[in-house]
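Student: Next comes the structure file protein.pdb, holding PDB, C-alpha atoms, pLDDT in the B column.
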```
ATOM      1  CA  MET Y   1     180.002 146.018 143.626  1.00 45.00           C
ATOM      2  CA  LEU Y   2     180.574 142.368 144.548  1.00 47.00           C
ATOM      3  CA  ASP Y   3     177.292 141.085 143.090  1.00 50.00           C
ATOM      4  CA  PRO Y   4     178.630 140.471 139.563  1.00 53.00           C
ATOM      5  CA  VAL Y   5     181.389 138.299 141.085  1.00 47.00           C
ATOM      6  CA  THR Y   6     179.473 136.344 143.770  1.00 49.00           C
ATOM      7  CA  ARG Y   7     176.467 135.455 141.659  1.00 54.00           C
ATOM      8  CA  PRO Y   8     178.461 133.481 139.068  1.00 57.00           C
ATOM      9  CA  GLN Y   9     180.301 131.719 141.878  1.00 57.00           C
ATOM     10  CA  ALA Y  10     177.045 130.842 143.617  1.00 53.00           C
ATOM     11  CA  SER Y  11     175.473 129.600 140.394  1.00 58.00           C
ATOM     12  CA  ALA Y  12     178.549 127.513 139.581  1.00 54.00           C
ATOM     13  CA  LEU Y  13     178.460 125.947 143.061  1.00 49.00           C
ATOM     14  CA  ALA Y  14     174.761 125.174 142.700  1.00 49.00           C
ATOM     15  CA  LEU Y  15     175.422 123.613 139.296  1.00 51.00           C
ATOM     16  CA  ARG Y  16     178.190 121.392 140.689  1.00 55.00           C
ATOM     17  CA  CYS Y  17     175.983 120.314 143.596  1.00 49.00           C
ATOM     18  CA  SER Y  18     173.081 119.456 141.301  1.00 51.00           C
ATOM     19  CA  ARG Y  19     175.375 117.432 139.038  1.00 51.00           C
ATOM     20  CA  ALA Y  20     176.739 115.551 142.025  1.00 47.00           C
ATOM     21  CA  LEU Y  21     173.235 114.760 143.269  1.00 47.00           C
ATOM     22  CA  VAL Y  22     172.102 113.320 139.930  1.00 57.00           C
ATOM     23  CA  SER Y  23     175.355 111.501 139.161  1.00 66.00           C
ATOM     24  CA  PRO Y  24     175.163 107.730 138.582  1.00 67.00           C
ATOM     25  CA  TRP Y  25     176.896 106.905 141.854  1.00 64.00           C
ATOM     26  CA  SER Y  26     174.631 109.224 143.846  1.00 75.00           C
ATOM     27  CA  ARG Y  27     171.585 107.514 142.350  1.00 69.00           C
ATOM     28  CA  LEU Y  28     173.081 104.113 143.101  1.00 71.00           C
ATOM     29  CA  SER Y  29     173.646 105.177 146.701  1.00 76.00           C
ATOM     30  CA  LEU Y  30     170.006 106.239 146.893  1.00 76.00           C
ATOM     31  CA  LEU Y  31     168.944 102.845 145.538  1.00 71.00           C
ATOM     32  CA  LEU Y  32     171.028 101.027 148.146  1.00 76.00           C
ATOM     33  CA  LEU Y  33     169.555 103.233 150.874  1.00 81.00           C
ATOM     34  CA  LEU Y  34     166.025 102.442 149.698  1.00 75.00           C
ATOM     35  CA  LEU Y  35     166.717  98.714 149.594  1.00 75.00           C
ATOM     36  CA  VAL Y  36     168.272  98.674 153.062  1.00 79.00           C
ATOM     37  CA  SER Y  37     165.341 100.674 154.437  1.00 79.00           C
ATOM     38  CA  ALA Y  38     162.857  98.312 152.801  1.00 74.00           C
ATOM     39  CA  ALA Y  39     164.624  95.241 154.201  1.00 73.00           C
ATOM     40  CA  ALA Y  40     164.687  96.798 157.675  1.00 77.00           C
ATOM     41  CA  THR Y  41     160.962  97.547 157.434  1.00 73.00           C
ATOM     42  CA  VAL Y  42     160.266  93.929 156.538  1.00 69.00           C
ATOM     43  CA  VAL Y  43     162.259  92.705 159.537  1.00 70.00           C
ATOM     44  CA  LEU Y  44     160.366  95.056 161.869  1.00 73.00           C
ATOM     45  CA  TYR Y  45     156.803  94.476 160.644  1.00 70.00           C
ATOM     46  CA  GLU Y  46     157.056  90.792 159.674  1.00 67.00           C
ATOM     47  CA  PRO Y  47     154.474  90.557 156.854  1.00 63.00           C
ATOM     48  CA  GLN Y  48     154.709  86.759 157.041  1.00 59.00           C
ATOM     49  CA  ARG Y  49     152.368  87.006 160.044  1.00 65.00           C
ATOM     50  CA  LEU Y  50     149.574  86.989 157.465  1.00 60.00           C
ATOM     51  CA  LEU Y  51     149.936  83.206 157.475  1.00 52.00           C
ATOM     52  CA  SER Y  52     149.032  82.999 161.164  1.00 54.00           C
ATOM     53  CA  ALA Y  53     147.016  86.157 161.882  1.00 61.00           C
ATOM     54  CA  GLY Y  54     145.037  86.264 158.640  1.00 61.00           C
ATOM     55  CA  TRP Y  55     143.573  89.210 156.734  1.00 63.00           C
ATOM     56  CA  PRO Y  56     141.712  91.992 158.627  1.00 66.00           C
ATOM     57  CA  PRO Y  57     138.054  90.874 158.812  1.00 67.00           C
ATOM     58  CA  GLN Y  58     136.676  94.322 157.942  1.00 64.00           C
ATOM     59  CA  ILE Y  59     138.289  94.159 154.475  1.00 69.00           C
ATOM     60  CA  GLY Y  60     136.662  91.660 152.140  1.00 70.00           C
ATOM     61  CA  GLY Y  61     135.601  90.948 148.579  1.00 79.00           C
ATOM     62  CA  ALA Y  62     137.331  92.245 145.481  1.00 83.00           C
ATOM     63  CA  GLY Y  63     138.752  95.176 147.411  1.00 84.00           C
ATOM     64  CA  ALA Y  64     140.669  92.798 149.652  1.00 86.00           C
ATOM     65  CA  VAL Y  65     142.140  91.022 146.622  1.00 90.00           C
ATOM     66  CA  VAL Y  66     143.251  94.330 145.074  1.00 90.00           C
ATOM     67  CA  LEU Y  67     144.704  95.558 148.356  1.00 89.00           C
ATOM     68  CA  PHE Y  68     146.551  92.285 148.852  1.00 90.00           C
ATOM     69  CA  ALA Y  69     147.999  92.504 145.324  1.00 92.00           C
ATOM     70  CA  LEU Y  70     149.276  96.025 146.054  1.00 90.00           C
ATOM     71  CA  ALA Y  71     150.772  94.913 149.364  1.00 87.00           C
ATOM     72  CA  TYR Y  72     152.252  91.853 147.638  1.00 91.00           C
ATOM     73  CA  GLY Y  73     153.992  94.046 145.057  1.00 91.00           C
ATOM     74  CA  LEU Y  74     155.487  96.325 147.693  1.00 86.00           C
ATOM     75  CA  CYS Y  75     156.586  93.369 149.813  1.00 86.00           C
ATOM     76  CA  THR Y  76     158.353  91.588 146.949  1.00 88.00           C
ATOM     77  CA  ALA Y  77     160.168  94.817 146.072  1.00 85.00           C
ATOM     78  CA  ALA Y  78     161.269  94.859 149.723  1.00 82.00           C
ATOM     79  CA  PHE Y  79     162.683  91.284 149.521  1.00 82.00           C
ATOM     80  CA  VAL Y  80     159.840  89.417 151.225  1.00 84.00           C
ATOM     81  CA  PRO Y  81     160.077  85.820 149.904  1.00 86.00           C
ATOM     82  CA  ARG Y  82     157.355  85.162 147.343  1.00 91.00           C
ATOM     83  CA  PRO Y  83     156.568  81.603 148.515  1.00 90.00           C
ATOM     84  CA  ILE Y  84     155.336  83.020 151.834  1.00 88.00           C
ATOM     85  CA  LEU Y  85     153.106  85.534 150.071  1.00 91.00           C
ATOM     86  CA  ASN Y  86     151.822  82.910 147.628  1.00 93.00           C
ATOM     87  CA  LEU Y  87     150.879  80.578 150.459  1.00 91.00           C
ATOM     88  CA  ALA Y  88     149.162  83.469 152.215  1.00 89.00           C
ATOM     89  CA  ALA Y  89     147.230  84.354 149.039  1.00 91.00           C
ATOM     90  CA  GLY Y  90     145.892  80.817 148.777  1.00 92.00           C
ATOM     91  CA  ALA Y  91     145.062  80.571 152.468  1.00 89.00           C
ATOM     92  CA  LEU Y  92     143.240  83.932 152.489  1.00 88.00           C
ATOM     93  CA  PHE Y  93     141.402  83.979 149.149  1.00 90.00           C
ATOM     94  CA  GLY Y  94     141.368  80.428 147.799  1.00 90.00           C
ATOM     95  CA  SER Y  95     143.014  79.104 144.671  1.00 91.00           C
ATOM     96  CA  GLN Y  96     141.359  81.284 141.998  1.00 92.00           C
ATOM     97  CA  ALA Y  97     141.248  84.736 143.601  1.00 93.00           C
ATOM     98  CA  GLY Y  98     144.537  84.003 145.364  1.00 94.00           C
ATOM     99  CA  LEU Y  99     146.243  83.223 142.057  1.00 95.00           C
ATOM    100  CA  VAL Y 100     144.971  86.467 140.508  1.00 95.00           C
ATOM    101  CA  ALA Y 101     146.203  88.489 143.479  1.00 94.00           C
ATOM    102  CA  ALA Y 102     149.569  86.726 143.582  1.00 95.00           C
ATOM    103  CA  VAL Y 103     150.317  87.062 139.857  1.00 96.00           C
ATOM    104  CA  ALA Y 104     149.221  90.709 139.811  1.00 96.00           C
ATOM    105  CA  GLY Y 105     151.406  91.393 142.851  1.00 95.00           C
ATOM    106  CA  THR Y 106     154.309  89.561 141.235  1.00 96.00           C
ATOM    107  CA  VAL Y 107     154.165  91.727 138.116  1.00 96.00           C
ATOM    108  CA  LEU Y 108     153.742  94.877 140.195  1.00 95.00           C
ATOM    109  CA  GLY Y 109     156.686  94.064 142.457  1.00 93.00           C
ATOM    110  CA  ALA Y 110     158.867  93.157 139.481  1.00 94.00           C
ATOM    111  CA  GLY Y 111     157.930  96.432 137.776  1.00 94.00           C
ATOM    112  CA  ILE Y 112     158.814  98.453 140.885  1.00 92.00           C
ATOM    113  CA  ALA Y 113     162.202  96.763 141.255  1.00 90.00           C
ATOM    114  CA  PHE Y 114     162.924  97.035 137.515  1.00 91.00           C
ATOM    115  CA  THR Y 115     162.115 100.758 137.515  1.00 90.00           C
ATOM    116  CA  LEU Y 116     164.269 101.435 140.572  1.00 87.00           C
ATOM    117  CA  GLY Y 117     167.174  99.482 139.134  1.00 84.00           C
ATOM    118  CA  ARG Y 118     166.878 101.065 135.690  1.00 84.00           C
ATOM    119  CA  VAL Y 119     166.576 104.673 136.918  1.00 83.00           C
ATOM    120  CA  LEU Y 120     168.929 104.576 139.892  1.00 80.00           C
ATOM    121  CA  GLY Y 121     171.429 101.806 139.202  1.00 69.00           C
ATOM    122  CA  GLN Y 122     171.934 101.100 135.513  1.00 65.00           C
ATOM    123  CA  ASP Y 123     174.300 103.978 134.638  1.00 65.00           C
ATOM    124  CA  ALA Y 124     176.628 103.188 137.544  1.00 63.00           C
ATOM    125  CA  LEU Y 125     176.614  99.387 137.248  1.00 62.00           C
ATOM    126  CA  ARG Y 126     176.853  98.798 133.489  1.00 59.00           C
ATOM    127  CA  PRO Y 127     180.542  99.841 133.293  1.00 55.00           C
ATOM    128  CA  LEU Y 128     181.309  97.194 135.943  1.00 55.00           C
ATOM    129  CA  LEU Y 129     180.048  94.244 133.843  1.00 55.00           C
ATOM    130  CA  ARG Y 130     183.450  92.740 133.063  1.00 55.00           C
ATOM    131  CA  GLY Y 131     183.401  89.197 134.453  1.00 54.00           C
ATOM    132  CA  ARG Y 132     182.758  86.201 132.209  1.00 59.00           C
ATOM    133  CA  TRP Y 133     179.510  85.248 133.908  1.00 56.00           C
ATOM    134  CA  LEU Y 134     178.296  88.840 134.177  1.00 59.00           C
ATOM    135  CA  THR Y 135     179.056  89.556 130.531  1.00 65.00           C
ATOM    136  CA  ALA Y 136     177.315  86.368 129.411  1.00 65.00           C
ATOM    137  CA  ALA Y 137     174.229  87.087 131.535  1.00 66.00           C
ATOM    138  CA  ASP Y 138     174.048  90.685 130.320  1.00 67.00           C
ATOM    139  CA  GLY Y 139     174.327  89.642 126.684  1.00 69.00           C
ATOM    140  CA  GLN Y 140     171.637  86.984 127.076  1.00 72.00           C
ATOM    141  CA  LEU Y 141     169.193  89.334 128.779  1.00 77.00           C
ATOM    142  CA  SER Y 142     169.875  92.197 126.380  1.00 76.00           C
ATOM    143  CA  ARG Y 143     169.570  90.171 123.150  1.00 80.00           C
ATOM    144  CA  HIS Y 144     166.955  87.585 124.147  1.00 79.00           C
ATOM    145  CA  GLY Y 145     165.091  89.370 126.917  1.00 78.00           C
ATOM    146  CA  PHE Y 146     161.668  87.741 126.730  1.00 89.00           C
ATOM    147  CA  ARG Y 147     162.714  84.114 126.408  1.00 87.00           C
ATOM    148  CA  SER Y 148     165.541  84.507 128.931  1.00 87.00           C
ATOM    149  CA  MET Y 149     163.274  86.049 131.546  1.00 89.00           C
ATOM    150  CA  LEU Y 150     160.557  83.491 130.779  1.00 90.00           C
ATOM    151  CA  ALA Y 151     163.017  80.667 131.467  1.00 87.00           C
ATOM    152  CA  ILE Y 152     164.162  82.351 134.701  1.00 86.00           C
ATOM    153  CA  ARG Y 153     160.586  82.674 135.942  1.00 89.00           C
ATOM    154  CA  LEU Y 154     159.629  79.123 134.958  1.00 85.00           C
ATOM    155  CA  PHE Y 155     162.602  77.607 136.798  1.00 79.00           C
ATOM    156  CA  PRO Y 156     162.732  79.150 140.276  1.00 73.00           C
ATOM    157  CA  GLY Y 157     166.482  78.780 140.738  1.00 73.00           C
ATOM    158  CA  VAL Y 158     167.284  82.499 140.442  1.00 79.00           C
ATOM    159  CA  PRO Y 159     166.051  84.666 143.337  1.00 84.00           C
ATOM    160  CA  PHE Y 160     163.175  86.908 142.289  1.00 88.00           C
ATOM    161  CA  ALA Y 161     164.772  90.193 143.395  1.00 86.00           C
ATOM    162  CA  ALA Y 162     168.148  89.331 141.852  1.00 83.00           C
ATOM    163  CA  ALA Y 163     166.520  88.609 138.485  1.00 87.00           C
ATOM    164  CA  ASN Y 164     164.649  91.920 138.614  1.00 89.00           C
ATOM    165  CA  TYR Y 165     167.727  94.037 139.248  1.00 84.00           C
ATOM    166  CA  CYS Y 166     169.907  92.096 136.797  1.00 82.00           C
ATOM    167  CA  ALA Y 167     167.305  92.670 134.101  1.00 86.00           C
ATOM    168  CA  ALA Y 168     167.169  96.367 135.000  1.00 84.00           C
ATOM    169  CA  VAL Y 169     170.920  96.744 134.541  1.00 82.00           C
ATOM    170  CA  SER Y 170     170.732  95.035 131.136  1.00 82.00           C
ATOM    171  CA  ARG Y 171     169.195  96.620 128.026  1.00 82.00           C
ATOM    172  CA  MET Y 172     165.979  94.608 128.241  1.00 86.00           C
ATOM    173  CA  GLY Y 173     162.781  96.575 127.594  1.00 87.00           C
ATOM    174  CA  TYR Y 174     159.866  96.976 129.988  1.00 89.00           C
ATOM    175  CA  ALA Y 175     157.300  95.135 127.856  1.00 92.00           C
ATOM    176  CA  PRO Y 176     159.199  91.824 127.402  1.00 92.00           C
ATOM    177  CA  PHE Y 177     160.279  91.901 131.053  1.00 93.00           C
ATOM    178  CA  LEU Y 178     156.774  92.345 132.471  1.00 95.00           C
ATOM    179  CA  LEU Y 179     155.138  89.991 129.959  1.00 95.00           C
ATOM    180  CA  ALA Y 180     157.662  87.213 130.601  1.00 94.00           C
ATOM    181  CA  THR Y 181     157.304  87.746 134.349  1.00 95.00           C
ATOM    182  CA  GLY Y 182     153.515  87.488 134.209  1.00 95.00           C
ATOM    183  CA  ILE Y 183     153.459  84.364 132.039  1.00 95.00           C
ATOM    184  CA  GLY Y 184     156.439  82.581 133.521  1.00 93.00           C
ATOM    185  CA  SER Y 185     155.379  83.085 137.136  1.00 93.00           C
ATOM    186  CA  VAL Y 186     151.971  81.442 136.740  1.00 94.00           C
ATOM    187  CA  PRO Y 187     152.880  77.719 137.123  1.00 93.00           C
ATOM    188  CA  ASN Y 188     155.042  78.001 140.226  1.00 92.00           C
ATOM    189  CA  THR Y 189     152.815  80.663 141.783  1.00 94.00           C
ATOM    190  CA  ALA Y 190     149.739  78.497 141.193  1.00 95.00           C
ATOM    191  CA  ALA Y 191     151.413  75.560 142.924  1.00 94.00           C
ATOM    192  CA  TYR Y 192     152.104  77.602 146.056  1.00 94.00           C
ATOM    193  CA  VAL Y 193     148.656  79.211 146.037  1.00 95.00           C
ATOM    194  CA  ILE Y 194     146.935  75.828 145.744  1.00 94.00           C
ATOM    195  CA  ALA Y 195     149.131  74.448 148.511  1.00 93.00           C
ATOM    196  CA  GLY Y 196     148.152  77.398 150.695  1.00 90.00           C
ATOM    197  CA  SER Y 197     144.461  76.974 149.963  1.00 91.00           C
ATOM    198  CA  GLN Y 198     144.654  73.252 150.817  1.00 90.00           C
ATOM    199  CA  ALA Y 199     146.962  73.589 153.817  1.00 82.00           C
ATOM    200  CA  ALA Y 200     144.187  72.430 156.141  1.00 80.00           C
ATOM    201  CA  SER Y 201     144.037  69.140 154.181  1.00 85.00           C
ATOM    202  CA  PRO Y 202     147.664  68.066 153.699  1.00 82.00           C
ATOM    203  CA  THR Y 203     146.637  64.646 152.422  1.00 84.00           C
ATOM    204  CA  SER Y 204     144.319  65.965 149.699  1.00 88.00           C
ATOM    205  CA  PRO Y 205     145.285  65.270 146.052  1.00 88.00           C
ATOM    206  CA  ALA Y 206     145.499  69.005 145.269  1.00 87.00           C
ATOM    207  CA  PHE Y 207     147.946  69.640 148.094  1.00 87.00           C
ATOM    208  CA  LEU Y 208     150.092  66.627 147.212  1.00 89.00           C
ATOM    209  CA  LEU Y 209     150.182  67.491 143.504  1.00 91.00           C
ATOM    210  CA  SER Y 210     151.092  71.116 144.125  1.00 90.00           C
ATOM    211  CA  THR Y 211     153.806  70.145 146.605  1.00 88.00           C
ATOM    212  CA  GLY Y 212     155.198  67.592 144.165  1.00 88.00           C
ATOM    213  CA  PHE Y 213     155.284  70.211 141.425  1.00 86.00           C
ATOM    214  CA  ILE Y 214     157.201  72.610 143.681  1.00 85.00           C
ATOM    215  CA  VAL Y 215     159.760  69.925 144.496  1.00 86.00           C
ATOM    216  CA  LEU Y 216     160.181  68.878 140.856  1.00 85.00           C
ATOM    217  CA  THR Y 217     160.646  72.434 139.587  1.00 81.00           C
ATOM    218  CA  GLY Y 218     163.191  73.072 142.332  1.00 77.00           C
ATOM    219  CA  LEU Y 219     165.157  69.983 141.322  1.00 80.00           C
ATOM    220  CA  GLY Y 220     164.895  70.976 137.663  1.00 76.00           C
ATOM    221  CA  ALA Y 221     166.213  74.450 138.419  1.00 72.00           C
ATOM    222  CA  ALA Y 222     169.145  72.970 140.324  1.00 74.00           C
ATOM    223  CA  ALA Y 223     169.959  70.643 137.425  1.00 74.00           C
ATOM    224  CA  VAL Y 224     169.828  73.469 134.859  1.00 69.00           C
ATOM    225  CA  ALA Y 225     172.043  75.672 137.040  1.00 67.00           C
ATOM    226  CA  TRP Y 226     174.563  72.836 137.427  1.00 72.00           C
ATOM    227  CA  CYS Y 227     174.706  72.246 133.653  1.00 71.00           C
ATOM    228  CA  LYS Y 228     175.061  75.962 132.916  1.00 64.00           C
ATOM    229  CA  ARG Y 229     177.875  76.299 135.435  1.00 63.00           C
ATOM    230  CA  HIS Y 230     179.890  73.450 133.939  1.00 59.00           C
ATOM    231  CA  ARG Y 231     179.256  74.726 130.409  1.00 62.00           C
ATOM    232  CA  LEU Y 232     180.603  78.161 131.330  1.00 53.00           C
ATOM    233  CA  ARG Y 233     183.641  76.567 132.981  1.00 60.00           C
ATOM    234  CA  GLY Y 234     184.297  74.585 129.825  1.00 58.00           C
ATOM    235  CA  ARG Y 235     184.260  77.731 127.747  1.00 55.00           C
TER     236      ARG Y 235
END
```
Starting from the coordinates I provided, produce the structure as structure tokens.

Tutor:
Amino acid sequence: MLDPVTRPQASALALRCSRALVSPWSRLSLLLLLLVSAAATVVLYEPQRLLSAGWPPQIGGAGAVVLFALAYGLCTAAFVPRPILNLAAGALFGSQAGLVAAVAGTVLGAGIAFTLGRVLGQDALRPLLRGRWLTAADGQLSRHGFRSMLAIRLFPGVPFAAANYCAAVSRMGYAPFLLATGIGSVPNTAAYVIAGSQAASPTSPAFLLSTGFIVLTGLGAAAVAWCKRHRLRGR
């Protein structure tokens, strides 16, 4: 006799639980949990040991390059600094194959972070974009996604992971984001890869040129950030 009463109550409870689990804040909490877990994994396993220990000798050829690119993508999504991975790519595979692996891993890692941010964080974070800087950044990325992301990748002043998740919260599309990431990351990535491949010869012209390029782009990024900051203050 109680079945007609308990079943609607049970179904209503299940419906409320399912709505709570897929709510924007629940998805954001899941994203934060994933990011904290990824950062903890990086601290425990220390992927930067590739620079000293090298690649496993039983894995070689094109398969090693592909595997490194996959590992690179996962590591960047887990906040491993890209300069370390770029240096490792050059030291392990040389300038050409190392550049291919590093750029492919860069795009893969950016795509992973963008997807996580878009699916799990966008609905909860977009209503919070109220500050002057946040509103300006969101409008720039949403209206001029490709050229904005291209400029961010060319000037390495914005942290890689921060740019990925900021773009995910904006209304930028996947195609302009990934294309701008792939193109804009080439110059700086190539400089680090070449430096890694020539690390055994620190006085070689290739090593000196790549190091000089890294320093100049860093100074350029700092100058652009300083000008942007004072322009926003003036407004």

Student: Need the shell around Pro205 (chain Y): protein/DNA/RNA residues with any atom at most 12 Å away, counting only C-alpha atoms. Skip same-chain ones fewer than 6 positions apart. Format as a list in words?

Tutor: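 With the cut-off at 12 Å, the set is Ile194, Ala195, Gln198, Ala199, Thr211 and Gly212 of chain Y.
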
Student: Could you pull the residues within 6 Å of Gly117 (chain Y), counting all atoms listed in the file, minus those fewer than 3 positions along the same chain, as a list in words?

Tutor: Phe114, Leu120, Gly121, Tyr165 and Ala168 of chain Y

Student: Using C-alpha atoms, can you export the residues from the last selection as a CSV table (one decimal), in the coordinates of the input?

Tutor:
```csv
chain,number,residue,atom,x,y,z
Y,114,PHE,CA,162.9,97.0,137.5
Y,120,LEU,CA,168.9,104.6,139.9
Y,121,GLY,CA,171.4,101.8,139.2
Y,165,TYR,CA,167.7,94.0,139.2
Y,168,ALA,CA,167.2,96.4,135.0
```

Student: What's around Ala222 (chain Y) at 10 Å? Count only C-alpha atoms, leave out sequence neighbours fewer than 3 positions away in its own chain, and write the answer as a ChimeraX atom specification.

Tutor: /Y:155-158,216-219,225-228

Student: Got a sec to resolve the PyMOL selection byres ((chain Y and resi 93) around 10) on this structure and send the residues as a list of chain:residue names?

Tutor: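 Evaluating the PyMOL selection byres ((chain Y and resi 93) around 10) on this file yields Y:Trp55, Y:Gly60, Y:Gly61, Y:Ala62, Y:Ala64, Y:Val65, Y:Phe68, Y:Ala88, Y:Ala89, Y:Gly90, Y:Ala91, Y:Leu92, Y:Gly94, Y:Ser95, Y:Gln96, Y:Ala97, Y:Gly98, Y:Leu99, Y:Val100, Y:Ala101, Y:Val193, Y:Gly196, Y:Ser197.
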
Student: State, in Å with one decimal place, the distance from CA of Val36 (chain Y) to CA of Met172 (chain Y).

Tutor: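 Computing it gives 25.3 Å between the two atoms.
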
Student: Restricting the calculation to all atoms listed in the file, which member of Y:Gly220, Y:Pro176, Y:Ala71, Y:Val169 is positioned closest to Val119 (chain Y)?

Tutor: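 Selected residue with least distance to Val119 (chain Y): Y:Val169.
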
Student: Mind checking which residues fall within 9 Å of Ala167 (chain Y), counting only C-alpha atoms, ignoring those fewer than 5 positions away in the same chain, and posting them as a list in words?

Tutor: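 Counting only the stated atoms, we get Phe114, Gly117, Arg118, Asp138, Leu141, Ser142, Gly145, Met149, Ala162, Met172, Gly173 and Phe177 of chain Y.
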
Student: Considering all atoms listed in the file, can you say which of Y:Leu178, Y:Leu108, Y:Ala38, Y:Leu44 comes closest to Ala69 (chain Y)?

Tutor: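 Closest residue, counting all atoms listed in the file: Y:Leu108.
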
Student: Put the listed atoms of region 72-82 of chain Y in a box along x, y and z with 4 Å added on every side and give me the centre and edge lengths in Å to one decimal, as AutoDock Vina command-line options.

Tutor:
```
--center_x 157.5 --center_y 90.7 --center_z 148.1 --size_x 18.4 --size_y 19.2 --size_z 14.2
```

Student: Go ahead and compute the interatomic distance for CA of Thr76 (chain Y) and CA of Leu209 (chain Y), in Å to one decimal.

Tutor: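 Calculated distance between CA of Thr76 (chain Y) and CA of Leu209 (chain Y) is 25.7 Å.
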
Student: Could you tell me which residues the PyMOL selection byres ((chain Y and resi 184) around 8) returns for this structure, as an NGL selection string?

Tutor: :Y and (149-154 or 180-183 or 185-187)

Student: Could you work out how far CA of Gln140 (chain Y) lies from CA of Pro81 (chain Y), giving the answer in Å with one decimal?

Tutor: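 Here the two named atoms are 25.6 Å from each other.
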
Student: With the file shown as input, list the residues that the PyMOL selection byres ((chain Y and resi 39) around 12) selects, as a ChimeraX atom specification.

Tutor: /Y:32-38,40-47,74-81,161

Student: Measuring atom to atom with only C-alpha atoms, identify which of Y:Ala223, Y:Ala200, Y:Leu28, Y:Ala102 is nearest to Tyr72 (chain Y).

Tutor: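 Comparing Y:Ala223, Y:Ala200, Y:Leu28, Y:Ala102 against Tyr72 (chain Y), the winner is Y:Ala102.
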